[in-house]
>>> print(open('work-v4.cif').read())   # mmCIF, C-alpha atoms (C1' of nucleotides)
data_my_file
loop_
_atom_site.label_atom_id
_atom_site.label_comp_id
_atom_site.auth_asym_id
_atom_site.auth_seq_id
_atom_site.Cartn_x
_atom_site.Cartn_y
_atom_site.Cartn_z
CA MET A 246 25.54 53.99 -30.40
CA GLY A 247 28.25 52.46 -28.29
CA LEU A 248 30.54 55.34 -29.09
CA THR A 249 31.70 57.09 -25.96
CA LYS A 250 31.80 60.81 -26.64
CA THR A 251 35.24 61.42 -25.25
CA GLU A 252 35.50 64.81 -26.92
CA ILE A 253 32.78 66.35 -24.78
CA PHE A 254 34.49 65.54 -21.51
CA THR A 255 37.62 67.02 -20.02
CA ASP A 256 41.01 65.41 -20.50
CA ARG A 257 41.10 64.73 -16.80
CA GLN A 258 37.75 62.98 -16.82
CA ASN A 259 38.86 60.84 -19.72
CA ARG A 260 42.13 60.01 -18.00
CA ILE A 261 40.34 59.02 -14.80
CA ALA A 262 38.05 56.79 -16.83
CA ASP A 263 41.01 55.17 -18.54
CA LEU A 264 42.86 54.55 -15.29
CA ALA A 265 39.70 53.07 -13.82
CA LYS A 266 39.39 50.75 -16.80
CA ALA A 267 42.63 49.13 -15.75
CA PHE A 268 40.79 47.88 -12.67
CA ALA A 269 37.37 47.43 -14.21
CA HIS A 270 37.75 43.76 -15.08
CA PRO A 271 38.50 41.02 -12.55
CA ALA A 272 41.14 39.46 -14.78
CA ARG A 273 43.01 42.73 -14.96
CA VAL A 274 42.67 43.18 -11.21
CA ALA A 275 44.18 39.73 -10.78
CA ILE A 276 47.05 40.57 -13.13
CA LEU A 277 47.80 43.84 -11.38
CA GLN A 278 47.65 42.19 -7.96
CA LEU A 279 50.10 39.54 -9.12
CA LEU A 280 52.49 42.13 -10.48
CA ALA A 281 52.18 44.46 -7.49
CA LYS A 282 53.14 41.88 -4.92
CA ARG A 283 56.31 40.71 -6.65
CA GLN A 284 59.74 42.01 -6.00
CA SER A 285 60.70 41.30 -9.56
CA CYS A 286 58.84 41.07 -12.77
CA ILE A 287 57.02 38.12 -14.11
CA CYS A 288 58.51 36.72 -17.21
CA GLY A 289 55.83 34.40 -18.42
CA ASP A 290 54.14 32.63 -15.52
CA LEU A 291 51.23 34.98 -15.81
CA VAL A 292 49.27 32.69 -18.08
CA ASP A 293 49.83 29.77 -15.71
CA GLU A 294 48.48 31.77 -12.80
CA LEU A 295 45.28 32.75 -14.52
CA PRO A 296 42.41 30.54 -15.61
CA LEU A 297 42.30 32.12 -19.02
CA ALA A 298 43.73 31.24 -22.39
CA GLN A 299 47.05 32.68 -23.45
CA ALA A 300 45.45 34.83 -26.13
CA THR A 301 43.03 36.30 -23.63
CA VAL A 302 45.72 37.14 -21.10
CA SER A 303 47.77 38.74 -23.86
CA GLN A 304 44.77 40.87 -24.76
CA HIS A 305 44.39 42.15 -21.20
CA LEU A 306 48.11 42.85 -21.00
CA LYS A 307 47.86 44.87 -24.18
CA GLU A 308 45.08 46.97 -22.70
CA LEU A 309 47.07 47.54 -19.52
CA LYS A 310 50.05 48.59 -21.59
CA ARG A 311 47.88 50.99 -23.57
CA ILE A 312 46.80 52.63 -20.34
CA GLY A 313 50.44 52.66 -19.32
CA ILE A 314 50.10 51.05 -15.93
CA ILE A 315 52.37 48.13 -16.80
CA ARG A 316 55.53 47.74 -18.77
CA GLY A 317 56.50 44.84 -20.97
CA ASP A 318 60.24 44.67 -21.45
CA ILE A 319 61.41 42.23 -24.01
CA ASP A 320 63.86 39.61 -22.84
CA PRO A 321 63.61 37.01 -25.56
CA PRO A 322 61.97 34.70 -25.86
CA ARG A 323 60.08 36.02 -22.91
CA VAL A 324 58.61 39.37 -22.04
CA CYS A 325 59.16 40.76 -18.62
CA TYR A 326 56.07 42.40 -17.16
CA CYS A 327 55.98 44.74 -14.26
CA ILE A 328 54.10 47.64 -12.81
CA ASN A 329 55.00 50.97 -14.35
CA GLU A 330 55.53 52.86 -11.13
CA PRO A 331 54.96 56.42 -12.35
CA VAL A 332 51.55 55.55 -13.73
CA TRP A 333 50.69 53.44 -10.69
CA GLN A 334 51.46 56.48 -8.54
CA GLU A 335 49.43 58.62 -10.88
CA ALA A 336 46.49 56.28 -10.28
CA ARG A 337 47.09 56.41 -6.54
CA GLN A 338 47.18 60.16 -6.56
CA THR A 339 44.23 60.49 -8.92
CA PHE A 340 41.86 58.18 -7.07
CA GLY A 341 43.08 59.44 -3.73
CA ALA A 342 42.29 63.04 -4.63
CA LEU A 343 39.00 62.14 -6.25
CA LEU A 344 37.77 60.00 -3.40
CA ASP A 345 38.90 62.54 -0.82
CA SER A 346 36.95 65.29 -2.51
CA LEU A 347 33.62 64.32 -1.01
CA VAL A 348 32.26 67.19 1.06
CA GLU A 349 30.00 66.52 3.97
CA THR A 350 26.53 66.05 2.67
CA SER A 351 23.56 67.06 4.70
CA CYS A 352 21.20 65.43 2.41
CA CYS A 353 17.76 63.96 2.07
CA MET B 227 32.50 35.44 -26.13
CA GLY B 228 32.10 38.71 -24.34
CA LEU B 229 31.08 36.89 -21.20
CA THR B 230 33.26 37.85 -18.28
CA LYS B 231 33.93 34.77 -16.23
CA THR B 232 33.12 36.27 -12.87
CA GLU B 233 32.84 32.88 -11.22
CA ILE B 234 36.52 32.11 -11.62
CA PHE B 235 37.66 35.18 -9.76
CA THR B 236 37.39 35.99 -6.09
CA ASP B 237 34.52 38.01 -4.71
CA ARG B 238 36.97 40.73 -3.83
CA GLN B 239 38.37 40.91 -7.33
CA ASN B 240 34.88 41.14 -8.74
CA ARG B 241 33.93 43.85 -6.27
CA ILE B 242 37.02 45.87 -7.12
CA ALA B 243 36.15 45.57 -10.79
CA ASP B 244 32.61 46.73 -10.10
CA LEU B 245 33.70 49.71 -8.05
CA ALA B 246 36.17 50.63 -10.78
CA LYS B 247 33.40 50.48 -13.35
CA ALA B 248 31.72 53.36 -11.57
CA PHE B 249 34.67 55.50 -12.65
CA ALA B 250 35.40 53.79 -15.94
CA HIS B 251 33.35 56.11 -18.12
CA PRO B 252 33.87 59.87 -18.35
CA ALA B 253 30.15 60.57 -18.07
CA ARG B 254 29.98 58.66 -14.81
CA VAL B 255 33.09 60.44 -13.56
CA ALA B 256 31.39 63.73 -14.35
CA ILE B 257 28.23 62.67 -12.52
CA LEU B 258 30.16 61.54 -9.45
CA GLN B 259 32.23 64.72 -9.41
CA LEU B 260 29.06 66.81 -9.55
CA LEU B 261 27.49 64.88 -6.71
CA ALA B 262 30.63 64.82 -4.59
CA LYS B 263 31.11 68.57 -4.54
CA ARG B 264 27.58 69.42 -3.46
CA GLN B 265 26.42 69.99 0.03
CA SER B 266 22.99 68.74 -0.85
CA CYS B 267 21.66 66.41 -3.42
CA ILE B 268 20.80 67.21 -6.94
CA CYS B 269 17.18 66.90 -7.66
CA GLY B 270 17.10 66.95 -11.40
CA ASP B 271 19.62 69.43 -12.76
CA LEU B 272 21.93 66.57 -13.62
CA VAL B 273 20.67 66.29 -17.17
CA ASP B 274 21.13 70.04 -17.70
CA GLU B 275 24.72 69.84 -16.54
CA LEU B 276 25.69 67.06 -18.89
CA PRO B 277 25.84 67.11 -22.66
CA LEU B 278 23.92 63.88 -22.92
CA ALA B 279 20.31 62.99 -23.48
CA GLN B 280 18.03 62.36 -20.54
CA ALA B 281 17.73 58.68 -21.36
CA THR B 282 21.48 58.30 -21.44
CA VAL B 283 22.02 60.04 -18.13
CA SER B 284 19.32 57.90 -16.57
CA GLN B 285 21.12 54.82 -17.82
CA HIS B 286 24.38 55.86 -16.18
CA LEU B 287 22.56 56.67 -12.96
CA LYS B 288 21.02 53.22 -13.00
CA GLU B 289 24.46 51.64 -13.31
CA LEU B 290 25.82 53.77 -10.47
CA LYS B 291 22.86 52.74 -8.33
CA ARG B 292 23.48 49.10 -9.16
CA ILE B 293 27.03 49.44 -7.92
CA GLY B 294 25.64 51.20 -4.89
CA ILE B 295 27.79 54.30 -4.99
CA ILE B 296 24.86 56.68 -5.33
CA ARG B 297 21.40 56.84 -3.87
CA GLY B 298 18.24 58.02 -5.58
CA ASP B 299 15.63 59.12 -3.12
CA ILE B 300 12.24 59.80 -4.52
CA ASP B 301 10.80 63.24 -3.88
CA PRO B 302 8.11 63.47 -6.52
CA PRO B 303 8.08 64.56 -9.15
CA ARG B 304 11.86 64.60 -8.86
CA VAL B 305 14.41 62.15 -7.65
CA CYS B 306 17.07 63.32 -5.30
CA TYR B 307 20.51 61.94 -6.12
CA CYS B 308 23.47 61.88 -3.84
CA ILE B 309 26.61 59.96 -3.04
CA ASN B 310 26.03 56.90 -0.91
CA GLU B 311 28.71 57.58 1.65
CA PRO B 312 29.33 54.04 2.93
CA VAL B 313 30.03 52.74 -0.55
CA TRP B 314 32.09 55.81 -1.42
CA GLN B 315 34.22 55.10 1.63
CA GLU B 316 34.40 51.46 0.63
CA ALA B 317 35.81 52.58 -2.72
CA ARG B 318 38.25 54.89 -0.98
CA GLN B 319 39.42 52.15 1.30
CA THR B 320 39.54 49.54 -1.44
CA PHE B 321 41.53 51.56 -3.94
CA GLY B 322 43.68 53.00 -1.21
CA ALA B 323 44.67 49.57 0.03
CA LEU B 324 45.13 48.19 -3.44
CA LEU B 325 47.26 51.05 -4.70
CA ASP B 326 49.31 51.08 -1.50
CA SER B 327 50.13 47.41 -1.88
CA LEU B 328 52.88 47.93 -4.41
CA VAL B 329 56.13 46.59 -3.05
CA GLU B 330 59.40 48.04 -4.16
CA THR B 331 60.34 46.50 -7.41
CA SER B 332 63.92 46.00 -8.33
CA CYS B 333 63.08 45.10 -11.80
CA CYS B 334 64.37 44.84 -15.31
"C1'" DT C 216 69.43 26.93 -41.56
"C1'" DT C 217 65.90 24.69 -38.98
"C1'" DC C 218 63.67 24.00 -34.70
"C1'" DT C 219 61.79 25.55 -30.45
"C1'" DA C 220 59.61 28.31 -26.90
"C1'" DA C 221 57.17 32.41 -25.74
"C1'" DT C 222 54.26 35.96 -26.93
"C1'" DA C 223 51.48 38.74 -30.17
"C1'" DT C 224 48.08 39.10 -33.50
"C1'" DC C 225 44.15 37.61 -36.43
"C1'" DG C 226 39.55 36.40 -37.06
"C1'" DC C 227 35.51 35.03 -35.36
"C1'" DA C 228 31.40 34.57 -32.18
"C1'" DA C 229 29.00 36.06 -28.30
"C1'" DT C 230 27.87 39.36 -25.09
"C1'" DA C 231 28.14 44.14 -23.12
"C1'" DT C 232 28.05 48.99 -23.41
"C1'" DT C 233 26.75 53.41 -25.12
"C1'" DG C 234 23.46 56.63 -26.90
"C1'" DC C 235 19.07 58.26 -27.88
"C1'" DG C 236 14.16 58.83 -29.61
"C1'" DA C 237 9.90 57.41 -28.12
"C1'" DT C 238 7.07 55.81 -24.78
"C1'" DT C 239 5.65 54.77 -20.22
"C1'" DA C 240 4.90 55.51 -15.33
"C1'" DC C 241 4.10 58.32 -11.58
"C1'" DG C 242 2.56 62.06 -8.49
"C1'" DC C 243 0.61 66.23 -8.18
"C1'" DA C 244 -2.21 70.27 -9.64
"C1'" DA C 245 -6.03 72.11 -11.78
"C1'" DT D 162 -10.78 63.24 -14.26
"C1'" DT D 163 -7.27 65.47 -17.28
"C1'" DG D 164 -2.94 67.60 -17.97
"C1'" DC D 165 1.82 68.61 -16.57
"C1'" DG D 166 6.56 67.78 -15.24
"C1'" DT D 167 9.96 64.50 -14.18
"C1'" DA D 168 12.37 60.34 -14.48
"C1'" DA D 169 12.46 55.37 -15.84
"C1'" DT D 170 12.11 52.08 -19.30
"C1'" DC D 171 11.78 50.19 -24.05
"C1'" DG D 172 13.63 49.21 -28.38
"C1'" DC D 173 16.85 49.89 -31.60
"C1'" DA D 174 21.47 50.73 -33.84
"C1'" DA D 175 26.25 51.13 -33.45
"C1'" DT D 176 30.37 50.23 -31.30
"C1'" DA D 177 33.22 47.94 -27.64
"C1'" DT D 178 34.65 44.15 -24.93
"C1'" DT D 179 35.60 39.44 -23.85
"C1'" DG D 180 37.29 34.97 -24.97
"C1'" DC D 181 39.69 31.74 -27.59
"C1'" DG D 182 41.48 28.72 -31.47
"C1'" DA D 183 44.59 29.27 -34.97
"C1'" DT D 184 48.29 31.47 -36.92
"C1'" DA D 185 52.19 34.60 -37.12
"C1'" DT D 186 56.23 36.49 -35.14
"C1'" DT D 187 60.55 36.62 -32.95
"C1'" DA D 188 65.02 35.57 -31.22
"C1'" DG D 189 67.84 32.23 -29.51
"C1'" DA D 190 69.30 27.15 -29.59
"C1'" DA D 191 70.70 23.22 -32.00
#
>>> encode(input="work-v4.cif", output="structure tokens")
Amino acid sequence: MGLTKTEIFTDRQNRIADLAKAFAHPARVAILQLLAKRQSCICGDLVDELPLAQATVSQHLKELKRIGIIRGDIDPPRVCYCINEPVWQEARQTFGALLDSLVETSCC
Amino acid sequence: MGLTKTEIFTDRQNRIADLAKAFAHPARVAILQLLAKRQSCICGDLVDELPLAQATVSQHLKELKRIGIIRGDIDPPRVCYCINEPVWQEARQTFGALLDSLVETSCC
DNA sequence: TTCTAATATCGCAATATTGCGATTACGCAA
DNA sequence: TTGCGTAATCGCAATATTGCGATATTAGAA
């Protein structure tokens, strides 16, 4: 029915899935790569750097903010986007632990 | 239009997005966690372990196979599922590199 | 106040995903 | 051959996502 049954999974599994969603679309990967490689935040050039309409970019930014992996600090008339380091580190730790948890398989 | 414009992003960005999709749903996270912690493959108990219908689990397994992160070796009448180690390591390397690429931000 | 620039939101259309009952396909056993 | 057990696929319904034009919002500039 298109309705993910979040309630039947653990909080951790749902959080992993949410963090993964941040990277599960190439446009969002591109946004995060742009933000990660900057010393300072981007205050509006994001739309220029991406081959997508302003409304679409804004939508992806909203999703990234919902997940918490970026911040959008208002500096009128612009908004200043940058990586939200604590959540970025959470993602690093989470995927690191998860992907390190593979035991040796003597299989098939 | 719901059509992700894969052609306007780099192959690498699209691959990252695909690998992330493997973890972008709690049911798939649960499946991968189950497979990762086993010494041997699972030959059918997967449906019993998950609170989802057989058809639904099969659908998620199909997606994981498409991405390449699991294998499904036929051992009739069962199928023997396990982590596909090369792709798992690819994910580890990919997310590791990506999440390590954050430069110090002196921001906002 | 009015205008301007930047971003967010709305509303829509198209496509994708999720979930599952029912059916199908496939080997093997009897 | 038939029947059984297992997994894949089909077909459908419901919800989610993607994309974008148009509009709204917002705060400063003029």
>>> resolve_selection(input="work-v4.cif", expression="the PyMOL selection byres ((chain C and resi 218-229) around 12)", output="number ranges by chain")
A: 288-292, 299-307, 317-326; B: 227-230; C: 216-217, 230-231; D: 178-191
>>> residues_around(input="work-v4.cif", residues="DC165 in chain D", least_positions_apart="3", cutoff="12 Å", atoms="all atoms listed in the file", output="PDB file with C-alpha atoms (C1' of nucleotides), keeping the file's coordinate frame")
ATOM      1  CA  PRO B 303       8.080  64.560  -9.150  1.00  0.00           C
TER       2      PRO B 303
ATOM      3  C1'  DC C 241       4.100  58.320 -11.580  1.00  0.00           C
ATOM      4  C1'  DG C 242       2.560  62.060  -8.490  1.00  0.00           C
ATOM      5  C1'  DC C 243       0.610  66.230  -8.180  1.00  0.00           C
ATOM      6  C1'  DA C 244      -2.210  70.270  -9.640  1.00  0.00           C
ATOM      7  C1'  DA C 245      -6.030  72.110 -11.780  1.00  0.00           C
TER       8       DA C 245
END
>>> residues_around(input="work-v4.cif", residues="Asp244 in chain B", least_positions_apart="2", cutoff="8 Å", atoms="all atoms listed in the file", output="list of chain:residue names")
A:Ala269, A:His270, B:Asn240, B:Arg241, B:Ile242, B:Ala246, B:Lys247, B:Ala248, B:Ile293
>>> closest_residue(input="work-v4.cif", among="A:Gln258, A:Asn329, A:Thr339, A:Ser346", to="Ala281 in chain A", atoms="all atoms listed in the file")
A:Asn329
>>> resolve_selection(input="work-v4.cif", expression="the PyMOL selection byres ((chain D and resi 171) around 10)", output="list in words")
DA237, DT238 and DT239 of chain C; DA169, DT170, DG172 and DC173 of chain D
>>> build_atoms(input="work-v4.cif", residues="range 306-333 of chain B", atoms="N, CA and C atoms", output="PDB file, in the frame of the given file")
ATOM      1  N   CYS B 306      16.003  62.598  -5.970  1.00  0.00           N
ATOM      2  CA  CYS B 306      17.070  63.320  -5.300  1.00  0.00           C
ATOM      3  C   CYS B 306      18.306  62.419  -5.256  1.00  0.00           C
ATOM      4  N   TYR B 307      19.324  62.785  -6.042  1.00  0.00           N
ATOM      5  CA  TYR B 307      20.510  61.940  -6.120  1.00  0.00           C
ATOM      6  C   TYR B 307      21.609  62.427  -5.213  1.00  0.00           C
ATOM      7  N   CYS B 308      22.276  61.498  -4.575  1.00  0.00           N
ATOM      8  CA  CYS B 308      23.470  61.880  -3.840  1.00  0.00           C
ATOM      9  C   CYS B 308      24.401  60.685  -3.679  1.00  0.00           C
ATOM     10  N   ILE B 309      25.624  61.004  -3.290  1.00  0.00           N
ATOM     11  CA  ILE B 309      26.610  59.960  -3.040  1.00  0.00           C
ATOM     12  C   ILE B 309      26.146  59.103  -1.877  1.00  0.00           C
ATOM     13  N   ASN B 310      26.303  57.810  -2.022  1.00  0.00           N
ATOM     14  CA  ASN B 310      26.030  56.900  -0.910  1.00  0.00           C
ATOM     15  C   ASN B 310      27.332  56.736  -0.128  1.00  0.00           C
ATOM     16  N   GLU B 311      27.426  57.464   0.957  1.00  0.00           N
ATOM     17  CA  GLU B 311      28.710  57.580   1.650  1.00  0.00           C
ATOM     18  C   GLU B 311      29.369  56.260   2.032  1.00  0.00           C
ATOM     19  N   PRO B 312      28.655  55.292   2.568  1.00  0.00           N
ATOM     20  CA  PRO B 312      29.330  54.040   2.930  1.00  0.00           C
ATOM     21  C   PRO B 312      30.042  53.388   1.757  1.00  0.00           C
ATOM     22  N   VAL B 313      29.404  53.377   0.607  1.00  0.00           N
ATOM     23  CA  VAL B 313      30.030  52.740  -0.550  1.00  0.00           C
ATOM     24  C   VAL B 313      31.177  53.605  -1.081  1.00  0.00           C
ATOM     25  N   TRP B 314      31.001  54.906  -1.028  1.00  0.00           N
ATOM     26  CA  TRP B 314      32.090  55.810  -1.420  1.00  0.00           C
ATOM     27  C   TRP B 314      33.323  55.543  -0.557  1.00  0.00           C
ATOM     28  N   GLN B 315      33.103  55.390   0.727  1.00  0.00           N
ATOM     29  CA  GLN B 315      34.220  55.100   1.630  1.00  0.00           C
ATOM     30  C   GLN B 315      34.798  53.713   1.357  1.00  0.00           C
ATOM     31  N   GLU B 316      33.927  52.799   1.006  1.00  0.00           N
ATOM     32  CA  GLU B 316      34.400  51.460   0.630  1.00  0.00           C
ATOM     33  C   GLU B 316      35.348  51.578  -0.566  1.00  0.00           C
ATOM     34  N   ALA B 317      34.964  52.391  -1.535  1.00  0.00           N
ATOM     35  CA  ALA B 317      35.810  52.580  -2.720  1.00  0.00           C
ATOM     36  C   ALA B 317      37.134  53.219  -2.308  1.00  0.00           C
ATOM     37  N   ARG B 318      37.046  54.200  -1.434  1.00  0.00           N
ATOM     38  CA  ARG B 318      38.250  54.890  -0.980  1.00  0.00           C
ATOM     39  C   ARG B 318      39.205  53.922  -0.300  1.00  0.00           C
ATOM     40  N   GLN B 319      38.621  53.117   0.564  1.00  0.00           N
ATOM     41  CA  GLN B 319      39.420  52.150   1.300  1.00  0.00           C
ATOM     42  C   GLN B 319      39.990  51.091   0.358  1.00  0.00           C
ATOM     43  N   THR B 320      39.145  50.616  -0.528  1.00  0.00           N
ATOM     44  CA  THR B 320      39.540  49.540  -1.440  1.00  0.00           C
ATOM     45  C   THR B 320      40.670  49.973  -2.363  1.00  0.00           C
ATOM     46  N   PHE B 321      40.492  51.107  -3.015  1.00  0.00           N
ATOM     47  CA  PHE B 321      41.530  51.560  -3.940  1.00  0.00           C
ATOM     48  C   PHE B 321      42.766  52.024  -3.188  1.00  0.00           C
ATOM     49  N   GLY B 322      42.534  52.605  -2.022  1.00  0.00           N
ATOM     50  CA  GLY B 322      43.680  53.000  -1.210  1.00  0.00           C
ATOM     51  C   GLY B 322      44.543  51.815  -0.870  1.00  0.00           C
ATOM     52  N   ALA B 323      43.919  50.761  -0.369  1.00  0.00           N
ATOM     53  CA  ALA B 323      44.670  49.570   0.030  1.00  0.00           C
ATOM     54  C   ALA B 323      45.341  48.922  -1.180  1.00  0.00           C
ATOM     55  N   LEU B 324      44.597  48.845  -2.247  1.00  0.00           N
ATOM     56  CA  LEU B 324      45.130  48.190  -3.440  1.00  0.00           C
ATOM     57  C   LEU B 324      46.327  48.950  -3.993  1.00  0.00           C
ATOM     58  N   LEU B 325      46.198  50.258  -4.070  1.00  0.00           N
ATOM     59  CA  LEU B 325      47.260  51.050  -4.700  1.00  0.00           C
ATOM     60  C   LEU B 325      48.430  51.270  -3.743  1.00  0.00           C
ATOM     61  N   ASP B 326      48.203  51.010  -2.459  1.00  0.00           N
ATOM     62  CA  ASP B 326      49.310  51.080  -1.500  1.00  0.00           C
ATOM     63  C   ASP B 326      50.080  49.770  -1.421  1.00  0.00           C
ATOM     64  N   SER B 327      49.555  48.743  -2.062  1.00  0.00           N
ATOM     65  CA  SER B 327      50.130  47.410  -1.880  1.00  0.00           C
ATOM     66  C   SER B 327      51.312  47.132  -2.795  1.00  0.00           C
ATOM     67  N   LEU B 328      51.748  48.140  -3.500  1.00  0.00           N
ATOM     68  CA  LEU B 328      52.880  47.930  -4.410  1.00  0.00           C
ATOM     69  C   LEU B 328      54.176  47.843  -3.623  1.00  0.00           C
ATOM     70  N   VAL B 329      54.838  46.711  -3.736  1.00  0.00           N
ATOM     71  CA  VAL B 329      56.130  46.590  -3.050  1.00  0.00           C
ATOM     72  C   VAL B 329      57.223  47.143  -3.962  1.00  0.00           C
ATOM     73  N   GLU B 330      58.301  47.492  -3.361  1.00  0.00           N
ATOM     74  CA  GLU B 330      59.400  48.040  -4.160  1.00  0.00           C
ATOM     75  C   GLU B 330      59.872  47.013  -5.160  1.00  0.00           C
ATOM     76  N   THR B 331      59.920  47.430  -6.385  1.00  0.00           N
ATOM     77  CA  THR B 331      60.340  46.500  -7.410  1.00  0.00           C
ATOM     78  C   THR B 331      61.747  46.836  -7.864  1.00  0.00           C
ATOM     79  N   SER B 332      62.568  45.837  -7.794  1.00  0.00           N
ATOM     80  CA  SER B 332      63.920  46.000  -8.330  1.00  0.00           C
ATOM     81  C   SER B 332      63.934  45.188  -9.612  1.00  0.00           C
ATOM     82  N   CYS B 333      63.557  45.858 -10.647  1.00  0.00           N
ATOM     83  CA  CYS B 333      63.080  45.100 -11.800  1.00  0.00           C
ATOM     84  C   CYS B 333      63.735  45.554 -13.066  1.00  0.00           C
TER      85      CYS B 333
END
